[in-house]
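Student: upload.cif is the file, holding mmCIF, C-alpha atoms:
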```
data_query
loop_
_atom_site.group_PDB
_atom_site.id
_atom_site.type_symbol
_atom_site.label_atom_id
_atom_site.label_comp_id
_atom_site.auth_asym_id
_atom_site.auth_seq_id
_atom_site.Cartn_x
_atom_site.Cartn_y
_atom_site.Cartn_z
ATOM 1 C CA MET I 374 0.000 0.000 0.000
ATOM 2 C CA ASP I 375 1.081 3.519 -0.698
ATOM 3 C CA LYS I 376 2.596 4.939 2.485
ATOM 4 C CA SER I 377 0.973 8.330 1.850
ATOM 5 C CA ALA I 378 -2.474 6.672 1.936
ATOM 6 C CA LEU I 379 -1.694 5.322 5.410
ATOM 7 C CA GLU I 380 -0.289 8.675 6.508
ATOM 8 C CA ALA I 381 -3.470 10.425 5.324
ATOM 9 C CA LEU I 382 -5.623 7.937 7.245
ATOM 10 C CA ARG I 383 -3.770 8.276 10.553
ATOM 11 C CA PRO I 384 -5.060 11.756 11.550
ATOM 12 C CA VAL I 385 -8.620 10.642 10.813
ATOM 13 C CA LEU I 386 -8.247 7.523 12.967
ATOM 14 C CA ASP I 387 -6.669 9.530 15.800
ATOM 15 C CA VAL I 388 -9.888 11.505 16.401
ATOM 16 C CA LEU I 389 -12.259 8.521 16.414
ATOM 17 C CA ASN I 390 -13.585 6.983 19.615
ATOM 18 C CA GLU I 391 -13.310 3.274 20.452
ATOM 19 C CA ARG I 392 -16.730 2.374 19.015
ATOM 20 C CA GLN I 393 -15.961 4.141 15.767
ATOM 21 C CA LEU I 394 -12.605 2.398 15.534
ATOM 22 C CA SER I 395 -14.393 -0.898 16.111
ATOM 23 C CA LEU I 396 -16.640 -0.174 13.118
ATOM 24 C CA ILE I 397 -13.592 0.649 10.986
ATOM 25 C CA ALA I 398 -12.045 -2.651 12.113
ATOM 26 C CA ASP I 399 -15.214 -4.514 11.064
ATOM 27 C CA VAL I 400 -14.920 -3.052 7.568
ATOM 28 C CA ALA I 401 -11.205 -3.834 7.369
ATOM 29 C CA LYS I 402 -11.849 -7.439 8.456
ATOM 30 C CA GLN I 403 -14.248 -7.853 5.508
ATOM 31 C CA PHE I 404 -11.320 -7.178 3.173
ATOM 32 C CA THR I 405 -9.297 -10.018 4.724
ATOM 33 C CA LEU I 406 -11.946 -12.686 4.072
ATOM 34 C CA PRO I 407 -11.474 -15.013 1.095
ATOM 35 C CA LYS I 408 -13.173 -13.784 -2.072
ATOM 36 C CA THR I 409 -13.368 -14.412 -5.776
ATOM 37 C CA PHE I 410 -14.765 -11.817 -8.157
ATOM 38 C CA VAL I 411 -15.092 -13.021 -11.735
ATOM 39 C CA CYS I 412 -14.992 -10.418 -14.471
ATOM 40 C CA ASN I 413 -16.515 -11.533 -17.768
ATOM 41 C CA SER I 414 -15.666 -9.629 -20.916
ATOM 42 C CA TYR I 415 -18.250 -7.268 -22.391
ATOM 43 C CA LYS I 416 -17.097 -4.569 -24.756
ATOM 44 C CA LEU I 417 -18.958 -1.303 -25.045
ATOM 45 C CA LYS I 418 -19.700 0.196 -28.453
ATOM 46 C CA ASN I 419 -16.521 2.281 -28.183
ATOM 47 C CA GLY I 420 -14.441 -0.903 -27.692
ATOM 48 C CA VAL I 421 -13.762 -0.335 -23.982
ATOM 49 C CA GLU I 422 -14.489 -3.156 -21.533
ATOM 50 C CA LEU I 423 -17.541 -2.438 -19.363
ATOM 51 C CA LEU I 424 -15.706 -3.943 -16.384
ATOM 52 C CA THR I 425 -12.040 -4.553 -15.806
ATOM 53 C CA GLN I 426 -10.870 -6.927 -13.094
ATOM 54 C CA ASP I 427 -9.931 -3.890 -10.965
ATOM 55 C CA ILE I 428 -13.429 -2.434 -11.374
ATOM 56 C CA ALA I 429 -15.009 -5.805 -10.521
ATOM 57 C CA ASP I 430 -12.758 -6.080 -7.444
ATOM 58 C CA ASP I 431 -13.705 -2.579 -6.258
ATOM 59 C CA LEU I 432 -17.410 -3.251 -6.863
ATOM 60 C CA GLY I 433 -17.081 -6.493 -4.902
ATOM 61 C CA ASP I 434 -15.379 -4.647 -2.056
ATOM 62 C CA ILE I 435 -18.282 -2.190 -1.834
ATOM 63 C CA ILE I 436 -20.665 -5.142 -1.552
ATOM 64 C CA ARG I 437 -18.444 -6.635 1.156
ATOM 65 C CA ILE I 438 -18.583 -3.353 3.099
ATOM 66 C CA HIS I 439 -22.382 -3.508 2.903
ATOM 67 C CA HIS I 440 -22.321 -6.993 4.414
ATOM 68 C CA ALA I 441 -20.119 -5.819 7.286
ATOM 69 C CA PHE I 442 -23.206 -3.944 8.521
ATOM 70 C CA SER I 443 -26.203 -5.801 7.154
ATOM 71 C CA ARG I 444 -27.659 -9.265 6.701
ATOM 72 C CA GLU I 445 -30.000 -7.849 4.074
ATOM 73 C CA ALA I 446 -29.527 -8.275 0.350
ATOM 74 C CA PHE I 447 -27.621 -5.614 -1.561
ATOM 75 C CA SER I 448 -30.465 -3.610 -3.112
ATOM 76 C CA LYS I 449 -30.737 -2.421 -6.699
ATOM 77 C CA ASP I 450 -30.317 1.256 -5.798
ATOM 78 C CA LYS I 451 -27.154 0.474 -3.818
ATOM 79 C CA PHE I 452 -25.825 -1.549 -6.755
ATOM 80 C CA GLU I 453 -26.525 1.312 -9.171
ATOM 81 C CA TYR I 454 -24.723 3.773 -6.899
ATOM 82 C CA ALA I 455 -21.789 1.392 -6.407
ATOM 83 C CA LEU I 456 -21.446 0.753 -10.149
ATOM 84 C CA GLU I 457 -21.475 4.479 -10.883
ATOM 85 C CA ARG I 458 -18.948 5.122 -8.130
ATOM 86 C CA VAL I 459 -16.421 2.472 -9.203
ATOM 87 C CA GLN I 460 -16.621 3.599 -12.817
ATOM 88 C CA LYS I 461 -15.830 7.162 -11.698
ATOM 89 C CA ILE I 462 -13.033 5.963 -9.392
ATOM 90 C CA HIS I 463 -11.457 4.477 -12.512
ATOM 91 C CA ASN I 464 -11.857 7.782 -14.362
ATOM 92 C CA ARG I 465 -14.685 6.595 -16.582
ATOM 93 C CA PRO I 466 -17.725 8.721 -17.359
ATOM 94 C CA ALA I 467 -20.784 7.301 -15.597
ATOM 95 C CA GLN I 468 -24.080 8.886 -14.622
ATOM 96 C CA MET I 469 -27.167 7.390 -13.028
ATOM 97 C CA ALA I 470 -30.428 8.254 -14.756
ATOM 98 C CA SER I 471 -32.819 10.546 -12.951
ATOM 99 C CA ARG I 472 -35.260 8.875 -10.567
ATOM 100 C CA GLY I 473 -38.416 7.699 -12.268
ATOM 101 C CA ASN I 474 -36.778 7.377 -15.684
ATOM 102 C CA LYS I 475 -38.666 4.585 -17.450
ATOM 103 C CA GLY I 476 -35.783 3.628 -19.723
ATOM 104 C CA TYR I 477 -32.203 3.126 -18.638
ATOM 105 C CA ASP I 478 -30.743 3.150 -15.106
ATOM 106 C CA ILE I 479 -27.157 4.242 -15.762
ATOM 107 C CA GLU I 480 -25.026 5.572 -18.580
ATOM 108 C CA ILE I 481 -21.396 4.413 -18.771
ATOM 109 C CA GLU I 482 -19.013 5.719 -21.438
ATOM 110 C CA GLY I 483 -22.038 7.135 -23.287
ATOM 111 C CA GLU I 484 -23.866 3.788 -23.390
ATOM 112 C CA ARG I 485 -27.144 3.264 -21.538
ATOM 113 C CA PHE I 486 -27.880 0.249 -19.349
ATOM 114 C CA SER I 487 -31.019 -0.990 -17.664
ATOM 115 C CA LEU I 488 -29.938 -2.907 -14.566
ATOM 116 C CA LYS I 489 -31.643 -5.790 -12.851
ATOM 117 C CA THR I 490 -30.403 -7.358 -9.658
ATOM 118 C CA GLU I 491 -31.572 -10.466 -7.885
ATOM 119 C CA ALA I 492 -30.794 -11.522 -4.344
ATOM 120 C CA SER I 493 -32.724 -14.779 -4.354
ATOM 121 C CA ARG I 494 -31.293 -17.901 -2.781
ATOM 122 C CA ASN I 495 -32.299 -19.685 -5.986
ATOM 123 C CA ILE I 496 -29.866 -17.787 -8.218
ATOM 124 C CA LYS I 497 -28.175 -20.061 -10.732
ATOM 125 C CA PRO I 498 -24.986 -19.110 -12.579
ATOM 126 C CA ASN I 499 -26.240 -20.722 -15.809
ATOM 127 C CA SER I 500 -29.621 -18.985 -16.161
ATOM 128 C CA ILE I 501 -30.959 -15.452 -16.413
ATOM 129 C CA HIS I 502 -34.425 -14.273 -15.414
ATOM 130 C CA ILE I 503 -35.534 -11.152 -17.277
ATOM 131 C CA SER I 504 -38.435 -9.277 -15.731
ATOM 132 C CA LYS I 505 -38.062 -5.923 -17.470
ATOM 133 C CA PHE I 506 -41.196 -6.634 -19.547
ATOM 134 C CA MET I 507 -43.235 -6.247 -16.351
ATOM 135 C CA GLU I 508 -42.390 -2.533 -16.288
ATOM 136 C CA LEU I 509 -44.155 -1.986 -19.615
ATOM 137 C CA GLY I 510 -47.584 -2.034 -18.057
ATOM 138 C CA GLY I 511 -50.025 -2.056 -20.982
ATOM 139 C CA GLY I 512 -49.790 -3.775 -24.310
ATOM 140 C CA GLN I 513 -51.415 -6.803 -25.867
ATOM 141 C CA TRP I 514 -50.345 -9.881 -23.864
ATOM 142 C CA GLY I 515 -51.943 -12.547 -26.056
ATOM 143 C CA THR I 516 -50.665 -15.639 -27.863
ATOM 144 C CA ASP I 517 -50.598 -14.088 -31.341
ATOM 145 C CA PRO I 518 -46.993 -13.637 -32.622
ATOM 146 C CA ASP I 519 -47.915 -10.070 -33.613
ATOM 147 C CA ASP I 520 -48.602 -9.391 -29.924
ATOM 148 C CA LEU I 521 -45.017 -10.367 -29.120
ATOM 149 C CA LYS I 522 -43.685 -8.144 -31.906
ATOM 150 C CA GLY I 523 -45.621 -5.217 -30.482
ATOM 151 C CA LEU I 524 -44.379 -5.924 -26.956
ATOM 152 C CA ARG I 525 -40.808 -6.240 -28.235
ATOM 153 C CA GLN I 526 -41.050 -2.839 -29.916
ATOM 154 C CA GLN I 527 -42.629 -1.346 -26.803
ATOM 155 C CA PHE I 528 -39.766 -2.844 -24.752
ATOM 156 C CA LEU I 529 -37.091 -1.400 -27.061
ATOM 157 C CA ASN I 530 -38.762 2.018 -26.929
ATOM 158 C CA HIS I 531 -38.838 1.681 -23.135
ATOM 159 C CA LEU I 532 -35.099 0.945 -22.956
ATOM 160 C CA ASN I 533 -34.274 3.909 -25.162
ATOM 161 C CA GLY I 534 -36.048 6.189 -22.703
#
```
In C-alpha cells, how does this file's structure come out?
Tutor:
Amino acid sequence: MDKSALEALRPVLDVLNERQLSLIADVAKQFTLPKTFVCNSYKLKNGVELLTQDIADDLGDIIRIHHAFSREAFSKDKFEYALERVQKIHNRPAQMASRGNKGYDIEIEGERFSLKTEASRNIKPNSIHISKFMELGGGQWGTDPDDLKGLRQQFLNHLNG
C-alpha cells in the first residue's frame, strides 16, 4: 500500500472513539476474508471493456462493506450507486439516470444500461431471469406472434427512454 495513503488515514483515525474504531475494524476485516470476483468480458460500443478486473474487485469490495453492517440483500439502488462510483473511481464517465426514468438506469461511457439485480437464494450461474417486460404495463399480452412483436417494440422504446 502507498505509504501516503496510510499517513493520510492516521489523523482521521486519531480523532475517532473506540466504538468508531471498532466499526472501521469490522470493515477492514471484511477485506481479509477469502473472495473471488469473476470479471466476464463485455465490450462497449466504443471498444472499452464495461468492467475490468480492478473495477469488478472494487465493486465487490463495496458489496463486502455492505455486508459488514447488514444481513439484508444488496439492493438495486445500492448496486446502481456502487457501479457508478467504481466507474468514476477508474476515471470513466458514468451517470445514473434521474429517478423515475422509465428507460435506462445508468449511462457508462455514453452507453445506456437498464440494470436488474436479484438476491434470491435460488440464483443459478447458468440462467438469467428477465423481468423488465413487467415494467411496460399495458400492451397486448396474447398468444398471437404479432402481440409479441408489439411488446418487443414497446420494450425497445422503453429501454431507449
Student: Return the single residue from I:Leu423, I:Ile428, I:Leu529, I:Ile436 that is closest to I:Lys475, with distances computed using all atoms listed in the file.
Tutor: I:Leu529
Student: With 12 Å as the threshold, what does the neighbourhood of (-34.0, 8.3, -14.3) contain in terms of residues, counting all atoms listed in the file? Coordinates are those of the file; answer as a list in words.
Tutor: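 Nearby residues: Asp450, Glu453, Gln468, Met469, Ala470, Ser471, Arg472, Gly473, Asn474, Lys475, Gly476, Tyr477, Asp478, Ile479, Glu480, Arg485, Phe486, Ser487, Leu488, Leu532, Asn533 and Gly534 of chain I.
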Student: Box for stretch 481-500 of chain I: with edges along x, y and z, all listed atoms inside and 8 Å added on each side, what are the centre and edge lengths in Å to one decimal, as JSON?
Tutor:
```
{"center_x": -25.9, "center_y": -6.8, "center_z": -13.1, "size_x": 29.7, "size_y": 43.9, "size_z": 36.6}
```
Student: Go ahead and compute the interatomic distance for atom CA of I:Leu432 and atom CA of I:Lys402, in Å to one decimal.
Tutor: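 About the pair atom CA of I:Leu432 and atom CA of I:Lys402: they are 16.8 Å apart.
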Student: Check which residues satisfy the PyMOL selection byres ((chain I and resi 385-400) around 10) in the file shown, then give them as a PyMOL selection string.
Tutor: chain I and resi 380-384+401-405+434+437-442
Student: Apply the PyMOL selection byres ((chain I and resi 414) around 12) to the structure shown and report the selected residues as a JSON list (two decimals) with C-alpha atoms, keeping the file's coordinate frame.
Tutor:
```
[["chain", "number", "residue", "atom", "x", "y", "z"],
["I", 411, "VAL", "CA", -15.09, -13.02, -11.74],
["I", 412, "CYS", "CA", -14.99, -10.42, -14.47],
["I", 413, "ASN", "CA", -16.52, -11.53, -17.77],
["I", 415, "TYR", "CA", -18.25, -7.27, -22.39],
["I", 416, "LYS", "CA", -17.10, -4.57, -24.76],
["I", 417, "LEU", "CA", -18.96, -1.30, -25.04],
["I", 420, "GLY", "CA", -14.44, -0.90, -27.69],
["I", 421, "VAL", "CA", -13.76, -0.34, -23.98],
["I", 422, "GLU", "CA", -14.49, -3.16, -21.53],
["I", 423, "LEU", "CA", -17.54, -2.44, -19.36],
["I", 424, "LEU", "CA", -15.71, -3.94, -16.38],
["I", 425, "THR", "CA", -12.04, -4.55, -15.81],
["I", 426, "GLN", "CA", -10.87, -6.93, -13.09],
["I", 429, "ALA", "CA", -15.01, -5.80, -10.52]]
```
Student: Out of I:Leu379, I:Leu524, I:Leu406, I:Ala492, which residue has the shortest atom-to-atom distance to I:Lys449 when counting only C-alpha atoms?
Tutor: I:Ala492
Student: Measuring atom to atom with only C-alpha atoms, identify which of I:Ala446, I:Pro466, I:Lys461, I:Glu482 is nearest to I:Arg494.
Tutor: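 Closest to I:Arg494, using only C-alpha atoms: I:Ala446.
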